[in-house]
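Student: This is my_file-v2.tsv (TSV, C-alpha atoms).
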```
chain	number	residue	atom	x	y	z
A	79	PRO	CA	-26.66	22.24	-7.82
A	80	PHE	CA	-25.76	25.02	-5.40
A	81	TRP	CA	-24.59	23.08	-2.33
A	82	LEU	CA	-24.28	25.12	0.84
A	83	ARG	CA	-23.52	23.37	4.10
A	84	ARG	CA	-22.13	24.07	7.55
A	85	PRO	CA	-19.59	24.69	9.02
A	86	ARG	CA	-18.29	25.76	5.63
A	87	THR	CA	-20.64	26.70	2.85
A	88	TYR	CA	-20.60	25.11	-0.57
A	89	THR	CA	-22.17	25.88	-3.89
A	90	SER	CA	-22.33	23.36	-6.70
A	91	ILE	CA	-23.54	24.10	-10.21
A	92	THR	CA	-24.59	21.45	-12.71
A	93	PRO	CA	-25.85	22.31	-16.19
A	94	ILE	CA	-28.03	19.29	-17.01
A	95	ALA	CA	-29.23	20.14	-20.52
A	96	LEU	CA	-28.22	22.88	-22.93
A	97	CYS	CA	-30.13	23.71	-26.06
A	98	SER	CA	-27.70	26.01	-27.80
A	99	SER	CA	-25.27	26.28	-30.66
A	100	GLN	CA	-21.50	26.00	-30.42
A	101	SER	CA	-20.91	29.49	-31.80
A	102	GLY	CA	-22.34	32.95	-31.34
A	103	ASN	CA	-21.76	36.23	-29.60
A	104	MET	CA	-24.68	36.26	-27.22
A	105	ALA	CA	-23.37	35.60	-23.74
A	106	VAL	CA	-21.06	33.82	-21.36
A	107	ALA	CA	-22.38	31.89	-18.38
A	108	ARG	CA	-21.04	33.14	-15.07
A	109	ALA	CA	-21.38	31.69	-11.60
A	110	ALA	CA	-20.70	33.86	-8.59
A	111	LEU	CA	-20.76	34.11	-4.84
A	112	ALA	CA	-20.59	37.80	-4.07
A	113	ALA	CA	-17.38	39.32	-2.74
A	114	LEU	CA	-16.34	42.90	-3.46
A	115	LEU	CA	-12.77	43.79	-4.43
A	116	PRO	CA	-11.07	47.19	-4.65
A	117	PRO	CA	-10.88	48.78	-8.12
A	118	LEU	CA	-8.10	49.65	-10.54
A	119	ALA	CA	-8.80	49.59	-14.25
A	120	ALA	CA	-6.01	48.41	-16.54
A	121	ARG	CA	-6.20	47.84	-20.28
A	122	ALA	CA	-4.35	44.56	-20.46
A	123	GLN	CA	-2.37	42.03	-18.47
A	124	GLN	CA	0.41	39.51	-18.79
A	125	ALA	CA	-0.07	35.75	-18.40
A	126	GLY	CA	1.78	34.21	-15.47
A	127	THR	CA	4.02	31.17	-15.95
A	128	VAL	CA	4.59	30.13	-12.32
A	129	VAL	CA	1.53	27.86	-11.99
A	130	ALA	CA	-0.06	25.83	-14.79
A	131	GLU	CA	-3.80	26.52	-15.06
A	132	ALA	CA	-5.99	23.50	-14.20
A	133	SER	CA	-9.58	24.63	-14.76
A	134	PRO	CA	-12.10	22.14	-13.25
A	135	PRO	CA	-14.16	20.34	-15.92
A	136	MET	CA	-17.91	21.00	-16.11
A	137	PRO	CA	-20.43	18.43	-17.41
A	138	LEU	CA	-22.35	20.04	-20.28
A	139	HIS	CA	-24.79	18.55	-22.78
A	140	TYR	CA	-26.29	19.77	-26.06
A	141	CYS	CA	-29.75	18.33	-26.64
A	142	THR	CA	-32.19	18.25	-29.54
A	143	THR	CA	-35.55	16.56	-29.92
A	144	ALA	CA	-34.35	14.53	-32.89
A	145	GLY	CA	-30.85	13.62	-31.76
A	146	GLY	CA	-31.07	13.46	-27.99
A	147	CYS	CA	-28.15	14.73	-25.90
A	148	VAL	CA	-24.43	14.74	-26.65
A	149	ASP	CA	-21.59	15.81	-24.37
A	150	GLU	CA	-19.76	19.08	-25.00
A	151	ALA	CA	-16.32	20.10	-23.76
A	152	ALA	CA	-16.56	22.64	-20.96
A	153	ALA	CA	-14.75	23.81	-17.83
A	154	VAL	CA	-14.90	26.66	-15.35
A	155	THR	CA	-12.16	29.22	-14.84
A	156	LEU	CA	-11.62	31.63	-11.96
A	157	ASP	CA	-12.14	35.33	-12.59
A	158	ALA	CA	-8.89	37.30	-12.83
A	159	ASN	CA	-10.05	39.43	-9.87
A	160	TRP	CA	-9.44	36.50	-7.53
A	161	ARG	CA	-6.07	35.42	-8.91
A	162	TRP	CA	-2.54	36.12	-7.74
A	163	VAL	CA	-1.15	39.17	-9.54
A	164	HIS	CA	2.62	39.53	-9.39
A	165	LYS	CA	5.61	41.04	-11.16
A	166	ALA	CA	5.78	39.39	-14.56
A	167	ASP	CA	9.50	38.63	-14.27
A	168	GLY	CA	9.42	37.60	-10.61
A	169	TYR	CA	7.27	36.79	-7.59
A	170	GLU	CA	6.68	40.18	-5.96
A	171	ASN	CA	2.99	40.95	-5.45
A	172	CYS	CA	1.46	43.71	-7.53
A	173	PHE	CA	-1.66	43.77	-5.36
A	174	THR	CA	-1.58	43.31	-1.58
A	175	ASP	CA	-4.19	44.01	1.12
A	176	GLY	CA	-6.39	46.00	-1.21
A	177	ARG	CA	-3.60	48.17	-2.63
A	178	TRP	CA	-1.65	48.19	-5.87
A	179	HIS	CA	2.15	48.31	-5.73
A	180	GLU	CA	3.19	51.95	-6.09
A	181	LYS	CA	6.23	51.17	-8.23
A	182	HIS	CA	4.79	48.48	-10.49
A	183	CYS	CA	1.30	49.98	-10.77
A	184	PRO	CA	1.37	53.78	-10.76
A	185	ASP	CA	-1.27	53.63	-13.52
A	186	GLY	CA	-3.23	51.02	-15.44
A	187	LEU	CA	-1.04	50.78	-18.53
A	188	THR	CA	2.19	50.44	-16.55
A	189	CYS	CA	0.63	47.84	-14.28
A	190	ALA	CA	-0.65	45.81	-17.22
A	191	SER	CA	2.76	45.59	-18.81
A	192	ALA	CA	4.67	44.98	-15.57
A	193	CYS	CA	2.36	42.50	-13.82
A	194	ALA	CA	0.97	39.06	-14.62
A	195	VAL	CA	-2.22	37.30	-13.61
A	196	GLU	CA	-1.36	33.76	-12.52
A	197	GLY	CA	-2.80	30.33	-13.23
A	198	VAL	CA	-4.38	28.13	-10.54
A	199	ASP	CA	-3.65	24.41	-10.21
A	200	ALA	CA	-6.09	21.79	-8.90
A	201	GLU	CA	-4.86	22.11	-5.31
A	202	GLY	CA	-5.14	25.89	-5.49
A	203	TYR	CA	-8.70	25.73	-6.80
A	204	ALA	CA	-9.71	23.39	-3.96
A	205	LYS	CA	-7.78	24.73	-0.97
A	206	THR	CA	-7.29	28.41	-1.78
A	207	TYR	CA	-10.55	29.18	-3.58
A	208	GLY	CA	-12.83	26.33	-2.48
A	209	VAL	CA	-13.63	25.19	-6.04
A	210	ARG	CA	-13.83	21.45	-6.69
A	211	GLY	CA	-14.97	19.44	-9.66
A	212	ILE	CA	-17.47	16.73	-8.73
A	213	GLU	CA	-19.12	14.04	-10.85
A	214	THR	CA	-22.22	16.10	-11.53
A	215	GLY	CA	-20.73	19.58	-11.74
A	216	VAL	CA	-18.74	21.97	-9.58
A	217	GLU	CA	-18.81	22.51	-5.84
A	218	LEU	CA	-18.02	25.97	-4.50
A	219	GLU	CA	-16.95	26.52	-0.91
A	220	PHE	CA	-17.96	30.00	0.20
A	221	VAL	CA	-15.18	30.24	2.81
A	222	SER	CA	-12.24	28.15	1.65
A	223	GLN	CA	-9.68	26.31	3.77
A	224	GLY	CA	-7.27	29.15	3.03
A	225	GLY	CA	-9.74	31.76	4.25
A	226	ASN	CA	-10.75	33.12	0.84
A	227	VAL	CA	-14.34	34.36	0.75
A	228	GLY	CA	-16.50	33.89	-2.35
A	229	SER	CA	-15.55	33.24	-5.95
A	230	ARG	CA	-16.57	34.11	-9.49
A	231	LEU	CA	-16.29	31.53	-12.27
A	232	TYR	CA	-16.83	31.56	-16.01
A	233	LEU	CA	-17.84	28.68	-18.25
A	234	THR	CA	-15.26	27.98	-20.96
A	235	ASP	CA	-14.95	25.59	-23.88
A	236	GLY	CA	-12.31	23.72	-21.90
A	237	ALA	CA	-9.49	25.54	-23.69
A	238	ASP	CA	-8.84	29.22	-24.43
A	239	SER	CA	-12.33	30.62	-25.07
A	240	TYR	CA	-15.45	31.35	-23.07
A	241	LYS	CA	-18.48	29.26	-23.90
A	242	LEU	CA	-20.85	31.36	-26.01
A	243	PHE	CA	-24.58	30.75	-26.47
A	244	LYS	CA	-27.41	31.74	-28.78
A	245	LEU	CA	-30.56	31.21	-26.76
A	246	LYS	CA	-33.35	32.33	-29.09
A	247	ASN	CA	-35.98	29.56	-29.22
A	248	ARG	CA	-33.74	27.38	-27.05
A	249	GLU	CA	-33.49	26.42	-23.41
A	250	PHE	CA	-30.68	26.47	-20.87
A	251	THR	CA	-31.22	24.34	-17.75
A	252	PHE	CA	-29.23	23.49	-14.64
A	253	ASP	CA	-29.87	21.94	-11.23
A	254	VAL	CA	-29.38	23.69	-7.90
A	255	ASP	CA	-29.24	21.79	-4.60
A	256	VAL	CA	-30.29	24.10	-1.77
A	257	SER	CA	-31.14	21.33	0.71
A	258	SER	CA	-28.64	22.67	3.25
A	259	LEU	CA	-28.55	26.32	2.20
A	260	ALA	CA	-27.45	28.63	5.01
A	261	CYS	CA	-29.02	32.03	5.62
A	262	GLY	CA	-27.65	35.29	4.24
A	263	LEU	CA	-25.85	33.92	1.17
A	264	ASN	CA	-26.23	34.93	-2.46
A	265	GLY	CA	-25.47	32.48	-5.28
A	266	ALA	CA	-26.14	33.23	-8.94
A	267	LEU	CA	-25.70	31.72	-12.38
A	268	TYR	CA	-26.40	34.08	-15.26
A	269	PHE	CA	-25.33	35.31	-18.68
A	270	VAL	CA	-23.23	38.38	-19.40
A	271	GLU	CA	-21.94	39.68	-22.73
A	272	MET	CA	-18.17	39.18	-23.05
A	273	ASP	CA	-15.51	38.76	-25.71
A	274	ALA	CA	-15.00	35.03	-26.31
A	275	ALA	CA	-11.22	35.36	-25.96
A	276	GLY	CA	-11.47	37.50	-22.82
A	277	GLY	CA	-9.76	40.38	-24.60
A	278	LYS	CA	-6.66	38.35	-25.42
A	279	GLY	CA	-4.67	39.94	-28.23
A	280	LYS	CA	-6.12	43.38	-27.58
A	281	GLY	CA	-3.50	45.83	-26.39
A	282	ASN	CA	-0.98	43.88	-24.31
A	283	ASN	CA	-3.43	41.27	-23.03
A	284	LEU	CA	-1.67	37.89	-23.06
A	285	ALA	CA	-3.88	36.27	-20.40
A	286	GLY	CA	-7.35	36.04	-21.93
A	287	ALA	CA	-10.26	33.75	-21.16
A	288	ARG	CA	-8.09	30.89	-19.88
A	289	LEU	CA	-7.15	33.13	-16.94
A	290	GLY	CA	-10.55	34.73	-16.46
A	291	THR	CA	-10.11	38.20	-17.98
A	292	GLY	CA	-12.57	40.42	-19.81
A	293	TYR	CA	-15.51	40.67	-17.40
A	294	CYS	CA	-17.53	43.87	-17.43
A	295	ASP	CA	-21.13	44.73	-16.58
A	296	ALA	CA	-22.89	47.39	-14.53
A	297	GLN	CA	-20.27	46.96	-11.79
A	298	CYS	CA	-17.38	47.86	-14.09
A	299	PRO	CA	-14.95	49.32	-13.17
A	300	LYS	CA	-15.89	49.51	-9.48
A	301	ASP	CA	-15.62	45.74	-8.90
A	302	VAL	CA	-13.06	44.85	-11.59
A	303	LYS	CA	-9.28	45.10	-11.26
A	304	TRP	CA	-8.46	44.76	-14.94
```
For the structure just supplied, provide its representation as structure tokens.

Tutor:
Amino acid sequence: PFWLRRPRTYTSITPIALCSSQSGNMAVARAALAALLPPLAARAQQAGTVVAEASPPMPLHYCTTAGGCVDEAAAVTLDANWRWVHKADGYENCFTDGRWHEKHCPDGLTCASACAVEGVDAEGYAKTYGVRGIETGVELEFVSQGGNVGSRLYLTDGADSYKLFKLKNREFTFDVDVSSLACGLNGALYFVEMDAAGGKGKGNNLAGARLGTGYCDAQCPKDVKW
């Protein structure tokens, strides 16, 4: 469900039944609450080691008429655009107040080799980004306790790859709770074509899907850092 309540606003997403295969190159499910970020395109990025990633689990089921429903491993990971980006061998920010560090990021290639995109632990997901795992799915807080606005999440296989789907002659369903939806908010869950590994192993990309890299659609590169 998309849960939105006052004084803070929440969104919760629960895939109830999924008729899909485990493999394929069709699409990756993405959940988003809109928030625009300044652009800088870089070809790759390092993986941070300061914080261990703790992606919230997502209930997901694969169902057939003959066999009923079985659980599948799944989680959600925060888009790299929202994550802390810092010097790979230290703690100095590479991106602050809408600007890239002039020394570390004079261009995309230099920035990608010098800077790392960091993991997010359970406390960080909840307090900084307003993302919490609940029994029936994930709850998203539009304005978090730390003041962050919006978020963008991707569905993963619970490990190092995005969850891919082949939807021909199949059905993808989820529940949305809008019982306390506030005015003027936009919540979406949709598919977008992405590399399953999030570009990991291409160029100098050591971060990959686990850290939310690889997104691109009609907004790219205007709304995508990496």

Student: Go through A:Glu271, A:Glu201, A:Asp175, A:Asp235 one by one, measure the shortest atom-to-atom distance of each to Ser222 in chain A using only C-alpha atoms, and give the residue with the smallest value.

Tutor: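 Among the listed residues, A:Glu201 lies closest to Ser222 in chain A.
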
Student: For range 235-244 of chain A, take all atoms listed in the file, fit an axis-aligned box around them, add 4 Å to each of the six sides, then output centre and edge lengths in Å rounded to one decimal, as JSON.

Tutor:
```
{"center_x": -18.1, "center_y": 27.7, "center_z": -25.3, "size_x": 26.6, "size_y": 16.0, "size_z": 14.9}
```

Student: Nearest to Phe243 in chain A: which of A:His182, A:Gly208, A:Val195, A:Met272 is it, counting only C-alpha atoms?

Tutor: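 Of all the options, A:Met272 lies closest to Phe243 in chain A.
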
Student: Using only C-alpha atoms for the distances, tell me which of A:Met136, A:Val129, A:Val256, A:Leu245 is nearest to Phe269 in chain A.

Tutor: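 Comparing A:Met136, A:Val129, A:Val256, A:Leu245 against Phe269 in chain A, the winner is A:Leu245.
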
Student: Write out as a PDB file with C-alpha atoms, in the frame of the given file the residues lying within 7 Å of Val128 in chain A, counting only C-alpha atoms and excluding same-chain residues fewer than 2 positions away.

Tutor:
```
ATOM      1  CA  GLY A 126       1.780  34.210 -15.470  1.00  0.00           C
ATOM      2  CA  ALA A 130      -0.060  25.830 -14.790  1.00  0.00           C
ATOM      3  CA  GLU A 196      -1.360  33.760 -12.520  1.00  0.00           C
TER       4      GLU A 196
END
```

Student: What does the distance from CA of Trp160 in chain A to CA of Asp199 in chain A come to in Å, to one decimal?

Tutor: 13.7 Å

Student: Could you check which of A:Gly197, A:Gly215, A:Gly265, A:Pro137 is closest to Leu156 in chain A, using only C-alpha atoms?

Tutor: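 Residue with the minimum atom-to-atom distance to Leu156 in chain A: A:Gly197.
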